[in-house]
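**Q** protein34.pdb is reproduced below (PDB, C-alpha atoms).
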```pdb
ATOM      1  CA  MET A   1       0.000   0.000   0.000
ATOM      2  CA  SER A   2       1.392   3.417  -0.954
ATOM      3  CA  ILE A   3       2.102   6.037   1.676
ATOM      4  CA  LYS A   4      -0.477   8.796   1.915
ATOM      5  CA  VAL A   5       1.183  12.210   1.925
ATOM      6  CA  SER A   6       0.092  15.824   1.622
ATOM      7  CA  PHE A   7       1.718  18.893   0.127
ATOM      8  CA  ILE A   8       0.816  22.413   1.242
ATOM      9  CA  GLY A   9       1.819  25.270  -1.073
ATOM     10  CA  LEU A  10       2.040  24.982  -4.850
ATOM     11  CA  GLY A  11       4.277  27.868  -5.855
ATOM     12  CA  VAL A  12       7.130  27.613  -8.345
ATOM     13  CA  MET A  13       8.877  25.171  -5.992
ATOM     14  CA  GLY A  14       6.011  23.270  -4.386
ATOM     15  CA  PHE A  15       4.115  22.551  -7.611
ATOM     16  CA  PRO A  16       6.861  20.388  -9.170
ATOM     17  CA  MET A  17       7.991  18.955  -5.808
ATOM     18  CA  ALA A  18       4.502  17.628  -5.131
ATOM     19  CA  GLY A  19       4.404  16.338  -8.704
ATOM     20  CA  HIS A  20       7.557  14.268  -8.134
ATOM     21  CA  LEU A  21       5.928  12.667  -5.081
ATOM     22  CA  GLN A  22       2.867  11.720  -7.126
ATOM     23  CA  LYS A  23       5.018  10.336  -9.955
ATOM     24  CA  ALA A  24       7.027   8.312  -7.411
ATOM     25  CA  GLY A  25       3.849   6.432  -6.471
ATOM     26  CA  TYR A  26       2.779   8.224  -3.300
ATOM     27  CA  GLU A  27      -0.877   9.024  -2.723
ATOM     28  CA  VAL A  28      -0.754  12.827  -2.711
ATOM     29  CA  THR A  29      -3.340  15.381  -1.595
ATOM     30  CA  VAL A  30      -2.457  19.038  -2.160
ATOM     31  CA  TYR A  31      -3.633  22.377  -0.838
ATOM     32  CA  ASN A  32      -2.966  25.830  -2.200
ATOM     33  CA  ARG A  33      -4.376  29.170  -1.115
ATOM     34  CA  THR A  34      -5.473  29.773  -4.723
ATOM     35  CA  THR A  35      -7.688  26.766  -5.462
ATOM     36  CA  GLN A  36      -7.213  27.048  -9.227
ATOM     37  CA  LYS A  37      -3.528  26.229  -8.807
ATOM     38  CA  ALA A  38      -4.463  23.057  -6.890
ATOM     39  CA  GLN A  39      -6.927  22.100  -9.613
ATOM     40  CA  ASP A  40      -4.243  22.671 -12.251
ATOM     41  CA  TRP A  41      -1.885  20.430 -10.289
ATOM     42  CA  VAL A  42      -4.446  17.595 -10.155
ATOM     43  CA  THR A  43      -5.069  17.979 -13.887
ATOM     44  CA  GLN A  44      -1.348  17.632 -14.591
ATOM     45  CA  PHE A  45      -0.337  14.984 -12.062
ATOM     46  CA  GLY A  46      -3.451  13.262 -10.722
ATOM     47  CA  GLY A  47      -3.934  12.900  -6.984
ATOM     48  CA  GLN A  48      -6.413  14.999  -5.067
ATOM     49  CA  TYR A  49      -6.773  18.525  -3.720
ATOM     50  CA  ALA A  50      -8.528  19.937  -0.678
ATOM     51  CA  THR A  51      -9.854  23.405   0.090
ATOM     52  CA  THR A  52      -8.328  23.748   3.585
ATOM     53  CA  PRO A  53      -4.988  22.682   5.031
ATOM     54  CA  LYS A  54      -6.803  20.594   7.643
ATOM     55  CA  ALA A  55      -8.752  18.651   5.026
ATOM     56  CA  ALA A  56      -5.628  18.159   2.908
ATOM     57  CA  VAL A  57      -3.617  16.520   5.685
ATOM     58  CA  THR A  58      -6.254  14.366   7.381
ATOM     59  CA  GLY A  59      -5.100  10.754   7.299
ATOM     60  CA  SER A  60      -1.624  11.496   5.889
ATOM     61  CA  GLU A  61       1.524   9.949   7.334
ATOM     62  CA  MET A  62       3.715  12.798   6.099
ATOM     63  CA  VAL A  63       2.856  16.409   5.372
ATOM     64  CA  PHE A  64       5.188  18.584   3.304
ATOM     65  CA  MET A  65       4.949  22.374   3.166
ATOM     66  CA  CYS A  66       6.545  25.006   0.950
ATOM     67  CA  VAL A  67       5.016  28.447   1.421
ATOM     68  CA  GLY A  68       6.357  32.006   1.468
ATOM     69  CA  ASN A  69       7.594  33.226   4.851
ATOM     70  CA  ASP A  70       7.099  33.006   8.625
ATOM     71  CA  ASP A  71       3.617  34.537   8.540
ATOM     72  CA  ASP A  72       2.513  32.297   5.650
ATOM     73  CA  LEU A  73       3.767  29.292   7.578
ATOM     74  CA  ARG A  74       1.827  30.210  10.696
ATOM     75  CA  SER A  75      -1.310  30.866   8.640
ATOM     76  CA  VAL A  76      -1.397  27.315   7.253
ATOM     77  CA  VAL A  77      -0.157  25.497  10.378
ATOM     78  CA  TYR A  78      -2.301  27.050  13.114
ATOM     79  CA  GLY A  79      -6.041  27.618  13.535
ATOM     80  CA  GLU A  80      -9.126  25.432  13.308
ATOM     81  CA  ASP A  81      -8.534  24.767   9.597
ATOM     82  CA  GLY A  82      -4.755  24.541   9.911
ATOM     83  CA  VAL A  83      -2.392  21.663   9.324
ATOM     84  CA  LEU A  84      -2.011  20.742  12.995
ATOM     85  CA  ALA A  85      -5.793  20.538  13.400
ATOM     86  CA  GLY A  86      -5.886  17.718  10.863
ATOM     87  CA  MET A  87      -2.701  15.750  11.563
ATOM     88  CA  SER A  88      -2.662  12.626  13.710
ATOM     89  CA  ALA A  89      -0.253  11.669  16.495
ATOM     90  CA  GLY A  90       2.690   9.766  15.059
ATOM     91  CA  SER A  91       2.659  11.589  11.715
ATOM     92  CA  VAL A  92       5.458  13.851  10.428
ATOM     93  CA  LEU A  93       5.396  17.502   9.361
ATOM     94  CA  ILE A  94       8.206  18.591   7.013
ATOM     95  CA  ASP A  95       8.635  22.281   6.216
ATOM     96  CA  HIS A  96      10.546  23.190   3.050
ATOM     97  CA  THR A  97       9.833  26.913   3.418
ATOM     98  CA  THR A  98      12.804  29.201   4.041
ATOM     99  CA  THR A  99      11.936  30.802   7.385
ATOM    100  CA  SER A 100      13.609  32.060  10.524
ATOM    101  CA  ALA A 101      15.069  29.454  12.857
ATOM    102  CA  LYS A 102      12.833  30.975  15.540
ATOM    103  CA  VAL A 103       9.584  30.026  13.802
ATOM    104  CA  ALA A 104      10.963  26.558  13.006
ATOM    105  CA  ARG A 105      11.562  25.957  16.710
ATOM    106  CA  GLU A 106       8.144  27.414  17.551
ATOM    107  CA  VAL A 107       6.345  25.061  15.165
ATOM    108  CA  GLY A 108       8.506  22.189  16.387
ATOM    109  CA  GLU A 109       7.387  22.793  19.974
ATOM    110  CA  ARG A 110       3.731  22.856  18.946
ATOM    111  CA  CYS A 111       4.215  19.583  17.080
ATOM    112  CA  THR A 112       5.947  17.916  20.020
ATOM    113  CA  ALA A 113       2.987  18.766  22.254
ATOM    114  CA  LEU A 114       0.745  16.890  19.798
ATOM    115  CA  ASP A 115       3.106  13.899  19.387
ATOM    116  CA  ILE A 116       3.805  14.968  15.789
ATOM    117  CA  ALA A 117       7.392  14.800  14.532
ATOM    118  CA  PHE A 118       8.792  17.878  12.782
ATOM    119  CA  LEU A 119      11.654  18.646  10.409
ATOM    120  CA  ASP A 120      12.677  22.074   9.166
ATOM    121  CA  ALA A 121      14.003  21.310   5.719
ATOM    122  CA  PRO A 122      14.653  24.328   3.468
ATOM    123  CA  VAL A 123      15.850  23.604  -0.038
ATOM    124  CA  SER A 124      18.391  24.950  -2.518
ATOM    125  CA  GLY A 125      18.457  24.508  -6.264
ATOM    126  CA  GLY A 126      15.811  26.947  -7.418
ATOM    127  CA  GLN A 127      12.896  26.357  -9.728
ATOM    128  CA  ALA A 128      15.003  24.300 -12.136
ATOM    129  CA  GLY A 129      16.156  22.061  -9.286
ATOM    130  CA  ALA A 130      12.570  21.518  -8.180
ATOM    131  CA  GLU A 131      11.380  20.757 -11.700
ATOM    132  CA  ASN A 132      14.237  18.322 -12.339
ATOM    133  CA  GLY A 133      14.013  16.682  -8.903
ATOM    134  CA  VAL A 134      17.601  17.514  -7.932
ATOM    135  CA  LEU A 135      17.200  19.809  -4.930
ATOM    136  CA  THR A 136      19.586  19.973  -1.982
ATOM    137  CA  ILE A 137      17.777  19.778   1.370
ATOM    138  CA  MET A 138      19.157  21.106   4.666
ATOM    139  CA  VAL A 139      17.406  19.465   7.609
ATOM    140  CA  GLY A 140      16.953  20.085  11.314
ATOM    141  CA  GLY A 141      15.288  17.565  13.613
ATOM    142  CA  GLU A 142      15.694  14.115  15.109
ATOM    143  CA  GLU A 143      17.759  11.460  13.350
ATOM    144  CA  LYS A 144      15.012   8.812  13.477
ATOM    145  CA  THR A 145      12.529  11.212  11.843
ATOM    146  CA  PHE A 146      15.025  12.146   9.145
ATOM    147  CA  ALA A 147      15.734   8.471   8.429
ATOM    148  CA  LYS A 148      12.010   7.883   7.953
ATOM    149  CA  VAL A 149      11.447  10.861   5.670
ATOM    150  CA  GLN A 150      14.661  10.909   3.617
ATOM    151  CA  PRO A 151      13.620   8.123   1.193
ATOM    152  CA  VAL A 152      10.414  10.032   0.435
ATOM    153  CA  MET A 153      12.226  13.332  -0.097
ATOM    154  CA  ASP A 154      14.501  11.536  -2.540
ATOM    155  CA  ALA A 155      11.624  11.879  -5.018
ATOM    156  CA  PHE A 156      12.642  15.512  -5.543
ATOM    157  CA  ALA A 157      16.130  15.731  -3.995
ATOM    158  CA  ARG A 158      19.629  14.942  -5.165
ATOM    159  CA  PHE A 159      21.091  15.340  -1.678
ATOM    160  CA  SER A 160      19.744  15.802   1.844
ATOM    161  CA  GLN A 161      21.635  16.190   5.099
ATOM    162  CA  LEU A 162      20.667  16.304   8.765
ATOM    163  CA  LEU A 163      22.525  19.249  10.340
ATOM    164  CA  GLY A 164      21.331  19.067  13.946
ATOM    165  CA  PRO A 165      18.253  19.817  16.055
ATOM    166  CA  ILE A 166      15.195  21.722  14.837
ATOM    167  CA  GLY A 167      16.259  25.090  13.434
ATOM    168  CA  SER A 168      19.562  23.785  12.079
ATOM    169  CA  GLY A 169      18.185  23.392   8.581
ATOM    170  CA  GLN A 170      17.136  27.038   8.487
ATOM    171  CA  LEU A 171      20.508  28.144   9.851
ATOM    172  CA  CYS A 172      22.269  26.176   7.109
ATOM    173  CA  LYS A 173      20.015  27.782   4.489
ATOM    174  CA  MET A 174      21.120  31.175   5.809
ATOM    175  CA  VAL A 175      24.739  30.140   5.206
ATOM    176  CA  ASN A 176      23.738  29.066   1.693
ATOM    177  CA  GLN A 177      22.198  32.453   0.870
ATOM    178  CA  ILE A 178      25.096  34.369   2.446
ATOM    179  CA  CYS A 179      27.530  32.500   0.179
ATOM    180  CA  ILE A 180      25.404  32.971  -2.940
ATOM    181  CA  ALA A 181      25.077  36.716  -2.352
ATOM    182  CA  GLY A 182      28.827  37.231  -2.291
ATOM    183  CA  VAL A 183      29.461  35.017  -5.315
ATOM    184  CA  VAL A 184      26.823  36.711  -7.470
ATOM    185  CA  GLN A 185      28.097  40.181  -6.582
ATOM    186  CA  GLY A 186      31.625  39.114  -7.497
ATOM    187  CA  LEU A 187      30.426  37.694 -10.816
ATOM    188  CA  ALA A 188      28.438  40.858 -11.577
ATOM    189  CA  GLU A 189      31.449  43.060 -10.882
ATOM    190  CA  GLY A 190      33.713  40.797 -12.954
ATOM    191  CA  LEU A 191      31.426  40.909 -15.986
ATOM    192  CA  HIS A 192      30.973  44.664 -15.548
ATOM    193  CA  PHE A 193      34.744  45.125 -15.431
ATOM    194  CA  ALA A 194      35.227  42.937 -18.512
ATOM    195  CA  LYS A 195      32.763  45.051 -20.487
ATOM    196  CA  LYS A 196      34.402  48.303 -19.388
ATOM    197  CA  ALA A 197      37.820  46.887 -20.275
ATOM    198  CA  GLY A 198      36.660  46.010 -23.788
ATOM    199  CA  LEU A 199      37.013  42.256 -23.322
ATOM    200  CA  ASP A 200      34.843  39.575 -24.898
ATOM    201  CA  GLY A 201      32.755  38.419 -21.939
ATOM    202  CA  GLU A 202      32.079  34.992 -23.457
ATOM    203  CA  LYS A 203      35.779  34.296 -23.943
ATOM    204  CA  VAL A 204      36.620  35.621 -20.495
ATOM    205  CA  ILE A 205      34.192  33.252 -18.799
ATOM    206  CA  GLU A 206      35.192  30.353 -21.032
ATOM    207  CA  THR A 207      38.727  30.896 -19.760
ATOM    208  CA  ILE A 208      38.320  31.676 -16.062
ATOM    209  CA  SER A 209      35.521  29.174 -15.424
ATOM    210  CA  LYS A 210      38.072  26.405 -15.896
ATOM    211  CA  GLY A 211      40.055  27.631 -12.909
ATOM    212  CA  ALA A 212      39.570  28.720  -9.315
ATOM    213  CA  ALA A 213      37.030  31.433 -10.229
ATOM    214  CA  GLY A 214      34.513  28.893 -11.491
ATOM    215  CA  SER A 215      31.141  28.529  -9.747
ATOM    216  CA  TRP A 216      27.601  27.302 -10.323
ATOM    217  CA  GLN A 217      26.491  30.912 -10.738
ATOM    218  CA  MET A 218      29.150  31.543 -13.359
ATOM    219  CA  GLU A 219      28.354  28.374 -15.279
ATOM    220  CA  ASN A 220      24.584  28.843 -15.260
ATOM    221  CA  ARG A 221      24.052  32.611 -15.281
ATOM    222  CA  TYR A 222      26.830  34.374 -17.174
ATOM    223  CA  LYS A 223      25.188  34.127 -20.619
ATOM    224  CA  THR A 224      21.879  35.569 -19.470
ATOM    225  CA  MET A 225      23.688  38.252 -17.483
ATOM    226  CA  LEU A 226      25.684  39.307 -20.548
ATOM    227  CA  ALA A 227      22.416  39.418 -22.498
ATOM    228  CA  GLY A 228      20.740  41.544 -19.816
ATOM    229  CA  GLU A 229      18.089  38.868 -19.246
ATOM    230  CA  TYR A 230      17.010  38.262 -15.661
ATOM    231  CA  GLU A 231      14.031  35.920 -15.772
ATOM    232  CA  PHE A 232      15.762  32.650 -14.944
ATOM    233  CA  GLY A 233      15.588  31.893 -11.269
ATOM    234  CA  PHE A 234      15.074  32.974  -7.694
ATOM    235  CA  ALA A 235      13.556  36.463  -7.479
ATOM    236  CA  VAL A 236      15.271  39.445  -5.846
ATOM    237  CA  ASP A 237      12.232  40.003  -3.593
ATOM    238  CA  TRP A 238      12.654  36.520  -2.134
ATOM    239  CA  MET A 239      16.424  36.845  -1.844
ATOM    240  CA  ARG A 240      15.983  40.010   0.191
ATOM    241  CA  LYS A 241      13.570  38.125   2.450
ATOM    242  CA  ASP A 242      16.172  35.391   2.954
ATOM    243  CA  LEU A 243      19.066  37.788   3.526
ATOM    244  CA  GLY A 244      16.928  39.711   6.009
ATOM    245  CA  ILE A 245      16.430  36.498   7.972
ATOM    246  CA  ALA A 246      20.187  35.870   7.958
ATOM    247  CA  LEU A 247      20.990  39.421   9.044
ATOM    248  CA  ASP A 248      18.448  39.208  11.870
ATOM    249  CA  GLU A 249      19.989  35.950  13.047
ATOM    250  CA  ALA A 250      23.470  37.492  12.875
ATOM    251  CA  ARG A 251      22.374  40.330  15.123
ATOM    252  CA  SER A 252      21.223  37.671  17.574
ATOM    253  CA  ASN A 253      24.261  35.383  17.481
ATOM    254  CA  GLY A 254      26.941  38.053  17.079
ATOM    255  CA  ALA A 255      28.134  37.068  13.581
ATOM    256  CA  THR A 256      29.609  39.794  11.369
ATOM    257  CA  LEU A 257      27.987  39.859   7.915
ATOM    258  CA  SER A 258      29.334  43.067   6.400
ATOM    259  CA  LEU A 259      29.378  41.786   2.810
ATOM    260  CA  THR A 260      25.911  40.270   3.136
ATOM    261  CA  ALA A 261      24.520  43.567   4.434
ATOM    262  CA  LEU A 262      26.119  45.410   1.517
ATOM    263  CA  VAL A 263      24.756  43.012  -1.102
ATOM    264  CA  ASP A 264      21.335  43.184   0.520
ATOM    265  CA  GLN A 265      21.455  46.958  -0.022
ATOM    266  CA  TYR A 266      22.468  46.380  -3.640
ATOM    267  CA  TYR A 267      19.422  44.153  -4.094
ATOM    268  CA  SER A 268      17.360  46.987  -2.641
ATOM    269  CA  ASP A 269      18.778  49.163  -5.426
ATOM    270  CA  VAL A 270      17.659  46.542  -7.969
ATOM    271  CA  GLN A 271      14.164  46.687  -6.503
ATOM    272  CA  SER A 272      14.182  50.474  -6.840
ATOM    273  CA  ILE A 273      14.776  50.199 -10.606
ATOM    274  CA  GLY A 274      11.821  47.845 -10.937
ATOM    275  CA  GLY A 275      13.719  44.573 -10.611
ATOM    276  CA  GLY A 276      11.980  42.980  -7.661
ATOM    277  CA  ARG A 277      10.970  40.001  -9.779
ATOM    278  CA  PHE A 278      14.312  39.799 -11.610
ATOM    279  CA  ASP A 279      16.451  36.798 -10.705
ATOM    280  CA  THR A 280      19.355  37.247  -8.300
ATOM    281  CA  SER A 281      21.943  37.625 -11.070
ATOM    282  CA  SER A 282      20.434  41.079 -11.748
ATOM    283  CA  LEU A 283      23.099  42.678  -9.564
ATOM    284  CA  LEU A 284      24.722  43.363 -12.938
ATOM    285  CA  ALA A 285      21.645  45.381 -13.943
ATOM    286  CA  ARG A 286      22.361  47.648 -10.978
ATOM    287  CA  LEU A 287      25.893  48.296 -12.188
ATOM    288  CA  ASP A 288      24.642  48.928 -15.728
ATOM    289  CA  ALA A 289      22.067  51.385 -14.394
ATOM    290  CA  ILE A 290      24.742  53.273 -12.444
ATOM    291  CA  HIS A 291      26.901  53.492 -15.570
ATOM    292  CA  GLU A 292      24.007  54.794 -17.673
ATOM    293  CA  LYS A 293      23.469  57.684 -15.243
ATOM    294  CA  LYS A 294      27.060  58.858 -15.603
TER     295      LYS A 294
END
```
Please rewrite the model in this file as C-alpha cells.

**A**
Amino acid sequence: MSIKVSFIGLGVMGFPMAGHLQKAGYEVTVYNRTTQKAQDWVTQFGGQYATTPKAAVTGSEMVFMCVGNDDDLRSVVYGEDGVLAGMSAGSVLIDHTTTSAKVAREVGERCTALDIAFLDAPVSGGQAGAENGVLTIMVGGEEKTFAKVQPVMDAFARFSQLLGPIGSGQLCKMVNQICIAGVVQGLAEGLHFAKKAGLDGEKVIETISKGAAGSWQMENRYKTMLAGEYEFGFAVDWMRKDLGIALDEARSNGATLSLTALVDQYYSDVQSIGGGRFDTSSLLARLDAIHEKK
C-alpha cells in the first residue's frame, strides 16, 4: 500500500515537488491558497486537492509544506482549519519553506505537544532544481525522523543532510544564501569590469571558469547576465527576504555579515529600478544602471 502524503503550497517550488511525489507512487493530496492552482496540479499529475490545510492533511503519514515566509507558515499550520488541526499523532510535518530558525523551533514545539514529529528542511536549487528533482535539502530535527522521511524526499532531492536539532536546517540555508550573495556580486562586478575593459565576456568566462574562479552561478548565469536577461531563477524580492532572515539571526548570534549587508542593499537598489521580480543575477543590472546615469 502506498504512503499517503500531503503537500501544502504549490508555488514555483512546491508545484513540481509535489508532482515528483505523485510520480514516485505516493498518494498525494495538495492544498494551495489559490484553489485554481491546486486544480491545475491535479489535472497535470493526478492525486487529489482539498480546500483547507486541515482537510488536505487528514489521514496522511507525512505532510510537506513550501510556502512564502514566517507569517505564511503560521497561517497554514495554526487555527481550526490549519495543518495541525488535521494531523494525527505519530505523523510527520516537514517544512521546506525558508523561514527564521525561531519560527521553526516554535512550530517544532507545537508539534511535540501533539506527538507529531517535525523537520525544518529548506531547499536549494531553485525552480530548475525543483522541476528536475535535484534539490539539496538542509534538515533540522531528530535522526530517526530524518531516516524515515529521507527516502520520500529523494523523489525531488539529489542530496539531503541532517545538520542538527530543529532550526539547524534554516541556519544552514542562511549560510547558503550568504555564500550565494557574495558570489553573485563578485560575478556581476567581474562581468561589468570585462565590459568596461573592452574584453569579450564569453571568452573571459570560457577561460576563467576552468580555474579557481569557477562557480555554479558563473556556469549557469553568465550568458543571461551578458544578455541583460534576468528571468531565470530565484527572485530578488525573495532573496531580500532570505538575507533579512540571515541578518536578523546574525544580530542575535553576534556574527559579522558586512558583505551580506552590503549586497542586501544592492538588491534593494535593484528593486528600486523595478527589478523585484528579476532573478538574483540582476546585480549586474544595478551596475549597468549606475553606468548609464554617468

**Q** Quick one: residues within 9 Å of Val175 in chain A, all atoms listed in the file, excluding same-chain residues fewer than 5 positions away - as a PyMOL selection string?

**A** chain A and resi 170+180+246

**Q** Rank A:Gly133, A:Gly274, A:Gly9, A:Gly186 by their smallest atom-to-atom distance to Ala50 in chain A, using all atoms listed in the file, and report the top residue only.

**A**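 Nearest candidate to Ala50 in chain A out of A:Gly133, A:Gly274, A:Gly9, A:Gly186: A:Gly9.
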
**Q** Can you work out the spacing between CA of Glu249 in chain A and CA of Ala181 in chain A in Å, to one decimal?

**A**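 Interatomic distance here is 16.2 Å.
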
**Q** Could you write out as a ChimeraX atom specification the residues that the PyMOL selection byres ((chain A and resi 278) around 9) matches in the shown file?

**A** /A:229-237,270-271,274-277,279-282

**Q** Taking 4 positions as the minimum chain separation for residues in the same chain, which residues sit within 12 Å of Glu80 in chain A when counting only C-alpha atoms? Answer as a list in words.

**A** Thr52, Pro53, Lys54, Ala55, Ser75, Val76, Leu84, Ala85, Gly86 and Met87 of chain A
